[in-house]
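What follows is a short report on a single structure.
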Amino acid sequence: MRDVAIVGVSQTKFGELWEKSFRDLVVEAGIDAIRDANMNGEDIDAMYIGNMTGGLFVGQEHIGSLIAEHSGLTPIPATRVEAACASGGLALRQAIMAVASGYYDRVMAAGVEKMTDVVDATPAIAAAADREWEAQQGVTFPSLYAMMAKRHMYEYGTTREQIAGFAVLGHKNGALNPKAQFQREISVDAVLNSTKVASPLNILDCSPVSDGAAAIIVCPADKAHKYTDTPIYIRASTQASATISLHNRKSLTTIPSTIFAAKKAYDMANLTPKDMDMAEVHDCFSINGLIAIEDLGFFEKGKGGQAIEDGLIERDGDIAVNPSGGLKARGHPLGATGIVQAAEITWQLRQEAGKRQVSDATSGITLNIGGTGGTAAIHILSVDRK
């Protein structure tokens with residue numbers, strides 16, 4: 001197996017992008033990533049596209065062919081990857097494995113979602129849950145994560161203010177990100193007094209409906225300097241599954257797929273949670289961000305709330321969490337999220353993150369979750385090859 005490096009990254013603006021179509025967004029991201037890698041379109045050998053709900057949101061399937069055509073990359077193989085909100089993370093993993101295996105040399109992983117073209121996104125998003133035993137019974141993702149929040153509060157004494165603090169952190173960082181959907185700070189009081197969605201979660205605990213795309217180009221580590229002076233090395237790429245339904249879990253306060261994928265990733269990279277300078281975690285709801293920082297091993301189970309309150313996950317804290325603003329503030333175009341998480345770590349490790357730059361960062365980890373944790377994809381990136 002060959003070592004793999006990231007040599008090109010890009011992201012469109014995230015938000016309610018009425019003037020841009022599904023294909024506009026992914027083509028924009030792809031062109032920018034090719035330029036960032038100092039390549040031409042004909043250099044790309046294959047493409048993997050993360051997308052959850054093209055058919056439900058914009059009525060478009062056969063997305064690989066669509067994107068290959070409109071990006072001018074035919075006849076290369078272009079494959080859609082779907083794993084709910086983890087589609088982007090798995091598209092990146094497929095690209096990495098294709099290069100590591102020696103099958104291809106230059107592969108693009110892209111992610112895209114156009115979510116604002118429907119009146120109500122809830123039914124489409126609910127497809128990431130157990131349709132028969134959850135969605136058809138009226139359970140939505142806010143209510144599923146609300147159950148997780150209530151149980152965490154009950155078992156560990158986590159406070160409502162601590163959960164809200166994760167959303168506040170996202171907006172604080174997102175205010176410094178020019179491509180974030182929300183570029184304004186909020187307060188804990190604002191979160192607590194915002195519209196109730198599913199108790200104890202309010203609207204400001206929830207990630208938004210977003211349009212957007214992102215792209216990453218990977219190649220063999222031995223050839224990376226041909227394209228960039230600042231290659232970022234993939235130290236680990238892992239994936240794990242858990243039950244798609246929440247009611248079949250042994251615990252509501254942890255996501256077993258995260259724990260399994262994280263252990264495999266740390267072992268693969270020969271690193272530990274303490275070696276991570278930053279993390280981009282999947283905070284579709286503020287409680288998920290809190291659970292993530294525990295399941296990734298940064299803090300003991302039940303201590304995540306206190307870590308948030310104590311500022312340990314600020315950009316200058318023990319570990320900088322979601323310097324991009326995370327799903328809450330940067331936005332959450334489902335299929336693009338796992339790609340842009342790795343793009344953010346890449347910009348940070350290149351020292352190209354502007355006002356949100358994490359000082360002296362040399363490694364970072366991404367966690368992309370599908371549903372309530374039925375799928376977890378984790379990547380560890382580093383400026384060091386080994």
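Note on naming: chains are A, B, ... as they come in the structure tokens, residues start from 1 per chain, ligands start from 1 in the order shown.
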Give me, as a VMD selection string, all polymer residues having an atom no more than 10 Å from Ala265 of chain A, counting only C-alpha atoms and skipping those fewer than 6 positions away in the same chain.
chain A and resid 235 to 239 259 271 to 272 365 377 to 380
Residues just named, written with C-alpha atoms as an mmCIF file, in the first residue's frame:
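Dumped everything to out.cif:
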```
data_model
loop_
_atom_site.group_PDB
_atom_site.id
_atom_site.type_symbol
_atom_site.label_atom_id
_atom_site.label_comp_id
_atom_site.auth_asym_id
_atom_site.auth_seq_id
_atom_site.Cartn_x
_atom_site.Cartn_y
_atom_site.Cartn_z
ATOM 1 C CA ARG A 235 -1.994 9.176 8.257
ATOM 2 C CA ALA A 236 -5.244 7.241 8.708
ATOM 3 C CA SER A 237 -8.569 6.643 6.976
ATOM 4 C CA THR A 238 -11.114 4.460 8.763
ATOM 5 C CA GLN A 239 -14.796 3.619 8.662
ATOM 6 C CA ILE A 259 -15.155 4.773 19.099
ATOM 7 C CA LEU A 271 -0.748 8.545 17.216
ATOM 8 C CA THR A 272 -2.982 9.214 20.222
ATOM 9 C CA ILE A 365 -8.556 14.599 12.850
ATOM 10 C CA ALA A 377 -15.689 8.024 8.859
ATOM 11 C CA ILE A 378 -12.459 9.306 10.391
ATOM 12 C CA HIS A 379 -9.327 10.771 8.811
ATOM 13 C CA ILE A 380 -6.093 11.817 10.473
#
```
DSSP-assigned strand (DSSP E or B) among segment 226-370 of chain A, expressed as a list of chain:residue names
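Of segment 226-370 of chain A, only A:Ile232, A:Tyr233, A:Ile234, A:Arg235, A:Ala236, A:Ser237, A:Thr238, A:Gln239, A:Ala240, A:Ser241, A:Met278, A:Ala279, A:Glu280, A:Phe285, A:Ala320, A:Val321, A:Ser363, A:Gly364, A:Ile365, A:Thr366, A:Leu367, A:Asn368, A:Ile369, A:Gly370 fall in strand (DSSP E or B).
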With only C-alpha atoms as the counted atoms, please give the residues lying no more than 7 Å from Val58 of chain A, apart from itself and same-chain residues fewer than 3 positions off, as a tab-separated table (two decimals) with N, CA, C and O atoms, in the first residue's frame.
```
chain	number	residue	atom	x	y	z
A	54	GLY	N	-29.50	13.61	-3.78
A	54	GLY	CA	-29.76	14.25	-5.07
A	54	GLY	C	-31.13	13.90	-5.62
A	54	GLY	O	-31.84	14.76	-6.15
A	55	GLY	N	-31.52	12.64	-5.48
A	55	GLY	CA	-32.81	12.23	-6.00
A	55	GLY	C	-33.97	12.86	-5.27
A	55	GLY	O	-34.98	13.24	-5.88
A	117	ASP	N	-33.81	23.69	-2.49
A	117	ASP	CA	-34.75	23.69	-3.60
A	117	ASP	C	-36.04	22.95	-3.26
A	117	ASP	O	-36.88	22.75	-4.14
```
Counting only C-alpha atoms, which residues in segment 346-378 of chain A sit no more than 12 Å from segment 213-233 of chain A? For each one, give the nearest pair of atoms and the distance in Å, sorted by chain then residue number, as a Markdown table.
```
| residue | atom | partner | partner_atom | distance |
| --- | --- | --- | --- | --- |
| A:Thr346 | CA | A:Ile232 | CA | 6.4 |
| A:Trp347 | CA | A:Ile232 | CA | 9.3 |
| A:Gln348 | CA | A:Ile232 | CA | 10.2 |
| A:Leu349 | CA | A:Ile232 | CA | 7.3 |
| A:Arg350 | CA | A:Thr230 | CA | 6.3 |
| A:Gln351 | CA | A:Thr230 | CA | 9.7 |
| A:Glu352 | CA | A:Thr230 | CA | 10.6 |
| A:Thr362 | CA | A:Ile232 | CA | 9.6 |
| A:Ser363 | CA | A:Ile232 | CA | 9.3 |
| A:Gly364 | CA | A:Ile232 | CA | 10.5 |
| A:Ile365 | CA | A:Tyr233 | CA | 11.8 |
```
In segment 94-215 of chain A, DSSP helix (DSSP H, G or I) residues written as a VMD selection string:
chain A and resid 94 to 100 122 to 128 135 to 137 141 to 156 160 to 174 188 to 192 203 to 205
Find the residues around His62 of chain A up to 12 Å (only C-alpha atoms counted), leave out those fewer than 6 positions away in its own chain, and share them as a list of chain:residue names.
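What passes the distance filter is A:Ile49, A:Asn51, A:Thr53, A:Gly54, A:Gly55, A:Ala68, A:Glu69, A:Ala78, A:Thr79, A:Arg80, A:Val81.
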Go ahead and write the residues just picked, C-alpha atoms, as a short mmCIF file (atom, residue, chain, number, x, y, z; two decimals), in the first residue's frame.
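Final file, out_11.cif:
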```cif
data_model
loop_
_atom_site.label_atom_id
_atom_site.label_comp_id
_atom_site.auth_asym_id
_atom_site.auth_seq_id
_atom_site.Cartn_x
_atom_site.Cartn_y
_atom_site.Cartn_z
CA ILE A 49 -18.66 12.12 -5.32
CA ASN A 51 -24.02 12.92 -2.17
CA THR A 53 -30.09 13.06 -1.48
CA GLY A 54 -29.76 14.25 -5.07
CA GLY A 55 -32.81 12.23 -6.00
CA ALA A 68 -18.17 13.99 -15.12
CA GLU A 69 -19.97 15.56 -18.08
CA ALA A 78 -16.98 8.92 -11.70
CA THR A 79 -18.73 7.15 -8.85
CA ARG A 80 -21.34 8.45 -6.43
CA VAL A 81 -20.86 7.45 -2.78
#
```
Pick the closest to Leu296 of chain A from A:Val209, A:Leu367, A:Ala240, A:Ile34: which is it, counting only C-alpha atoms?
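Among the listed residues, the smallest separation from Leu296 of chain A belongs to A:Leu367.
When the distance limit is 8 Å and only C-alpha atoms are what count, the residues near segment 191-205 of chain A, minus those fewer than 3 positions from it on the same chain, are Pro142, Ser143, Ala146, Ala149, Lys150, Arg160, Glu161, Ala164, Ala167, Val168, Ile186, Ser187, Val188, Phe285, Ser286, Ile287 and Lys328 of chain A.
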Can you write out the residues you just picked, keeping all heavy atoms, as a compact mmCIF listing (two decimals), in the first residue's frame?
```
# COMPACT_ATOMS: atom_id res chain seq x y z
N PRO A 142 -33.89 15.89 14.97
CA PRO A 142 -33.83 16.68 16.21
C PRO A 142 -34.33 15.90 17.42
O PRO A 142 -33.74 16.01 18.51
CB PRO A 142 -34.73 17.88 15.89
CG PRO A 142 -34.65 18.03 14.42
CD PRO A 142 -34.57 16.63 13.89
N SER A 143 -35.40 15.11 17.26
CA SER A 143 -35.91 14.38 18.41
C SER A 143 -35.00 13.23 18.80
O SER A 143 -34.85 12.92 19.99
CB SER A 143 -37.33 13.87 18.14
OG SER A 143 -37.37 13.03 17.01
N ALA A 146 -32.23 14.85 20.58
CA ALA A 146 -32.75 15.37 21.85
C ALA A 146 -32.77 14.28 22.91
O ALA A 146 -32.47 14.52 24.09
CB ALA A 146 -34.15 15.95 21.65
N ALA A 149 -29.34 13.92 24.15
CA ALA A 149 -29.00 15.04 25.03
C ALA A 149 -29.60 14.84 26.42
O ALA A 149 -28.92 15.02 27.45
CB ALA A 149 -29.48 16.35 24.42
N LYS A 150 -30.86 14.45 26.46
CA LYS A 150 -31.52 14.25 27.76
C LYS A 150 -30.83 13.16 28.57
O LYS A 150 -30.64 13.28 29.78
CB LYS A 150 -32.99 13.88 27.54
CG LYS A 150 -33.88 15.07 27.23
CD LYS A 150 -35.35 14.66 27.29
CE LYS A 150 -36.25 15.89 27.20
NZ LYS A 150 -37.68 15.54 27.31
N ARG A 160 -27.63 22.27 30.45
CA ARG A 160 -28.14 22.81 29.19
C ARG A 160 -27.21 23.88 28.65
O ARG A 160 -27.01 24.02 27.44
CB ARG A 160 -29.55 23.38 29.41
CG ARG A 160 -30.24 23.88 28.15
CD ARG A 160 -30.47 22.73 27.17
NE ARG A 160 -30.94 23.22 25.89
CZ ARG A 160 -30.15 23.65 24.91
NH1 ARG A 160 -28.84 23.63 25.06
NH2 ARG A 160 -30.65 24.07 23.77
N GLU A 161 -26.61 24.66 29.55
CA GLU A 161 -25.68 25.72 29.15
C GLU A 161 -24.43 25.15 28.52
O GLU A 161 -23.88 25.72 27.56
CB GLU A 161 -25.32 26.59 30.36
CG GLU A 161 -26.44 27.47 30.88
CD GLU A 161 -27.47 26.71 31.73
OE1 GLU A 161 -27.23 25.51 32.04
OE2 GLU A 161 -28.51 27.30 32.06
N ALA A 164 -25.26 24.12 24.98
CA ALA A 164 -25.38 25.34 24.16
C ALA A 164 -24.01 25.92 23.84
O ALA A 164 -23.81 26.53 22.79
CB ALA A 164 -26.23 26.37 24.89
N ALA A 167 -22.53 25.18 20.40
CA ALA A 167 -23.05 26.01 19.32
C ALA A 167 -22.41 27.40 19.34
O ALA A 167 -22.09 27.97 18.29
CB ALA A 167 -24.57 26.12 19.43
N VAL A 168 -22.22 27.92 20.52
CA VAL A 168 -21.57 29.24 20.66
C VAL A 168 -20.15 29.20 20.10
O VAL A 168 -19.72 30.11 19.39
CB VAL A 168 -21.56 29.67 22.14
CG1 VAL A 168 -20.72 30.93 22.34
CG2 VAL A 168 -22.98 29.90 22.64
N ILE A 186 -22.91 34.19 18.54
CA ILE A 186 -24.14 34.10 19.33
C ILE A 186 -23.74 33.86 20.79
O ILE A 186 -22.58 33.55 21.09
CB ILE A 186 -25.06 32.97 18.83
CG1 ILE A 186 -24.34 31.61 18.90
CG2 ILE A 186 -25.56 33.25 17.43
CD1 ILE A 186 -25.23 30.42 18.55
N SER A 187 -24.69 33.99 21.68
CA SER A 187 -24.44 33.78 23.11
C SER A 187 -25.18 32.55 23.60
O SER A 187 -26.11 32.04 22.95
CB SER A 187 -24.91 35.00 23.91
OG SER A 187 -26.32 35.13 23.81
N VAL A 188 -24.80 32.08 24.78
CA VAL A 188 -25.51 30.96 25.39
C VAL A 188 -26.96 31.33 25.62
O VAL A 188 -27.88 30.52 25.36
CB VAL A 188 -24.82 30.56 26.71
CG1 VAL A 188 -25.71 29.59 27.49
CG2 VAL A 188 -23.47 29.92 26.44
N PHE A 285 -26.01 18.58 15.55
CA PHE A 285 -26.66 19.16 16.71
C PHE A 285 -25.60 19.34 17.78
O PHE A 285 -24.63 18.59 17.83
CB PHE A 285 -27.81 18.27 17.21
CG PHE A 285 -28.87 18.05 16.17
CD1 PHE A 285 -28.80 16.95 15.32
CD2 PHE A 285 -29.92 18.94 16.03
CE1 PHE A 285 -29.75 16.75 14.34
CE2 PHE A 285 -30.88 18.75 15.05
CZ PHE A 285 -30.80 17.66 14.20
N SER A 286 -25.77 20.32 18.63
CA SER A 286 -24.71 20.64 19.59
C SER A 286 -24.37 19.46 20.49
O SER A 286 -23.21 19.27 20.85
CB SER A 286 -25.11 21.87 20.43
OG SER A 286 -26.42 21.71 20.95
N ILE A 287 -25.35 18.62 20.83
CA ILE A 287 -25.05 17.46 21.66
C ILE A 287 -24.14 16.49 20.94
O ILE A 287 -23.31 15.82 21.56
CB ILE A 287 -26.36 16.76 22.10
CG1 ILE A 287 -26.05 15.58 23.04
CG2 ILE A 287 -27.16 16.29 20.91
CD1 ILE A 287 -25.32 15.95 24.32
N LYS A 328 -22.59 23.63 12.43
CA LYS A 328 -23.53 24.61 12.98
C LYS A 328 -23.41 25.97 12.31
O LYS A 328 -24.42 26.60 11.98
CB LYS A 328 -23.31 24.74 14.49
CG LYS A 328 -24.17 25.81 15.16
CD LYS A 328 -25.65 25.46 15.06
CE LYS A 328 -26.54 26.62 15.47
NZ LYS A 328 -26.66 27.66 14.46
```
Here is a test: counting only C-alpha atoms, which residue of A:Ile44, A:Ile255, A:Ala95, A:Leu312 is nearest to Ser241 of chain A?
A:Ile255
Give me the residues near segment 171-176 of chain A as a PDB file with N, CA and C atoms, in the first residue's frame, where near means some atom within 6 Å (using only C-alpha atoms) and where sequence neighbours in that chain fewer than 3 positions away do not count.
```
ATOM      1  N   VAL A 168     -22.216  27.923  20.524  1.00  0.00           N
ATOM      2  CA  VAL A 168     -21.571  29.240  20.661  1.00  0.00           C
ATOM      3  C   VAL A 168     -20.154  29.197  20.096  1.00  0.00           C
ATOM      4  N   ALA A 180     -18.329  30.543   5.441  1.00  0.00           N
ATOM      5  CA  ALA A 180     -19.324  29.949   6.325  1.00  0.00           C
ATOM      6  C   ALA A 180     -20.709  30.507   6.031  1.00  0.00           C
ATOM      7  N   GLN A 183     -21.835  33.921   9.697  1.00  0.00           N
ATOM      8  CA  GLN A 183     -20.593  34.603  10.087  1.00  0.00           C
ATOM      9  C   GLN A 183     -20.881  35.617  11.176  1.00  0.00           C
ATOM     10  N   ARG A 184     -21.548  35.150  12.217  1.00  0.00           N
ATOM     11  CA  ARG A 184     -21.854  36.010  13.354  1.00  0.00           C
ATOM     12  C   ARG A 184     -21.797  35.195  14.637  1.00  0.00           C
ATOM     13  N   GLU A 185     -21.403  35.848  15.704  1.00  0.00           N
ATOM     14  CA  GLU A 185     -21.338  35.182  17.000  1.00  0.00           C
ATOM     15  C   GLU A 185     -22.716  35.166  17.660  1.00  0.00           C
ATOM     16  N   PRO A 323     -12.492  24.651  14.084  1.00  0.00           N
ATOM     17  CA  PRO A 323     -12.046  26.020  13.778  1.00  0.00           C
ATOM     18  C   PRO A 323     -12.752  26.615  12.565  1.00  0.00           C
ATOM     19  N   SER A 324     -13.338  25.787  11.723  1.00  0.00           N
ATOM     20  CA  SER A 324     -14.070  26.277  10.552  1.00  0.00           C
ATOM     21  C   SER A 324     -15.416  26.879  10.917  1.00  0.00           C
ATOM     22  N   GLY A 325     -15.911  26.563  12.103  1.00  0.00           N
ATOM     23  CA  GLY A 325     -17.273  26.899  12.489  1.00  0.00           C
ATOM     24  C   GLY A 325     -18.158  25.671  12.591  1.00  0.00           C
ATOM     25  N   ALA A 329     -22.197  26.467  12.133  1.00  0.00           N
ATOM     26  CA  ALA A 329     -22.010  27.807  11.576  1.00  0.00           C
ATOM     27  C   ALA A 329     -21.500  27.787  10.144  1.00  0.00           C
ATOM     28  N   ARG A 330     -20.550  26.869   9.833  1.00  0.00           N
ATOM     29  CA  ARG A 330     -20.052  26.794   8.456  1.00  0.00           C
ATOM     30  C   ARG A 330     -21.148  26.335   7.515  1.00  0.00           C
ATOM     31  N   LYS A 355      -7.759  34.343   9.727  1.00  0.00           N
ATOM     32  CA  LYS A 355      -8.041  34.774  11.097  1.00  0.00           C
ATOM     33  C   LYS A 355      -8.403  33.625  12.023  1.00  0.00           C
ATOM     34  N   ARG A 356      -8.798  32.495  11.468  1.00  0.00           N
ATOM     35  CA  ARG A 356      -9.166  31.359  12.319  1.00  0.00           C
ATOM     36  C   ARG A 356      -8.016  30.367  12.488  1.00  0.00           C
TER      37      ARG A 356
END
```
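Pairwise distance (atom CA of Gly297 of chain A, atom CA of Pro273 of chain A) equals 5.8 Å.
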Using only C-alpha atoms, which of A:Gly30, A:Gly157, A:Gly170, A:Gly371 sits nearest Leu334 of chain A?
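Distance minimum relative to Leu334 of chain A lands on A:Gly371.
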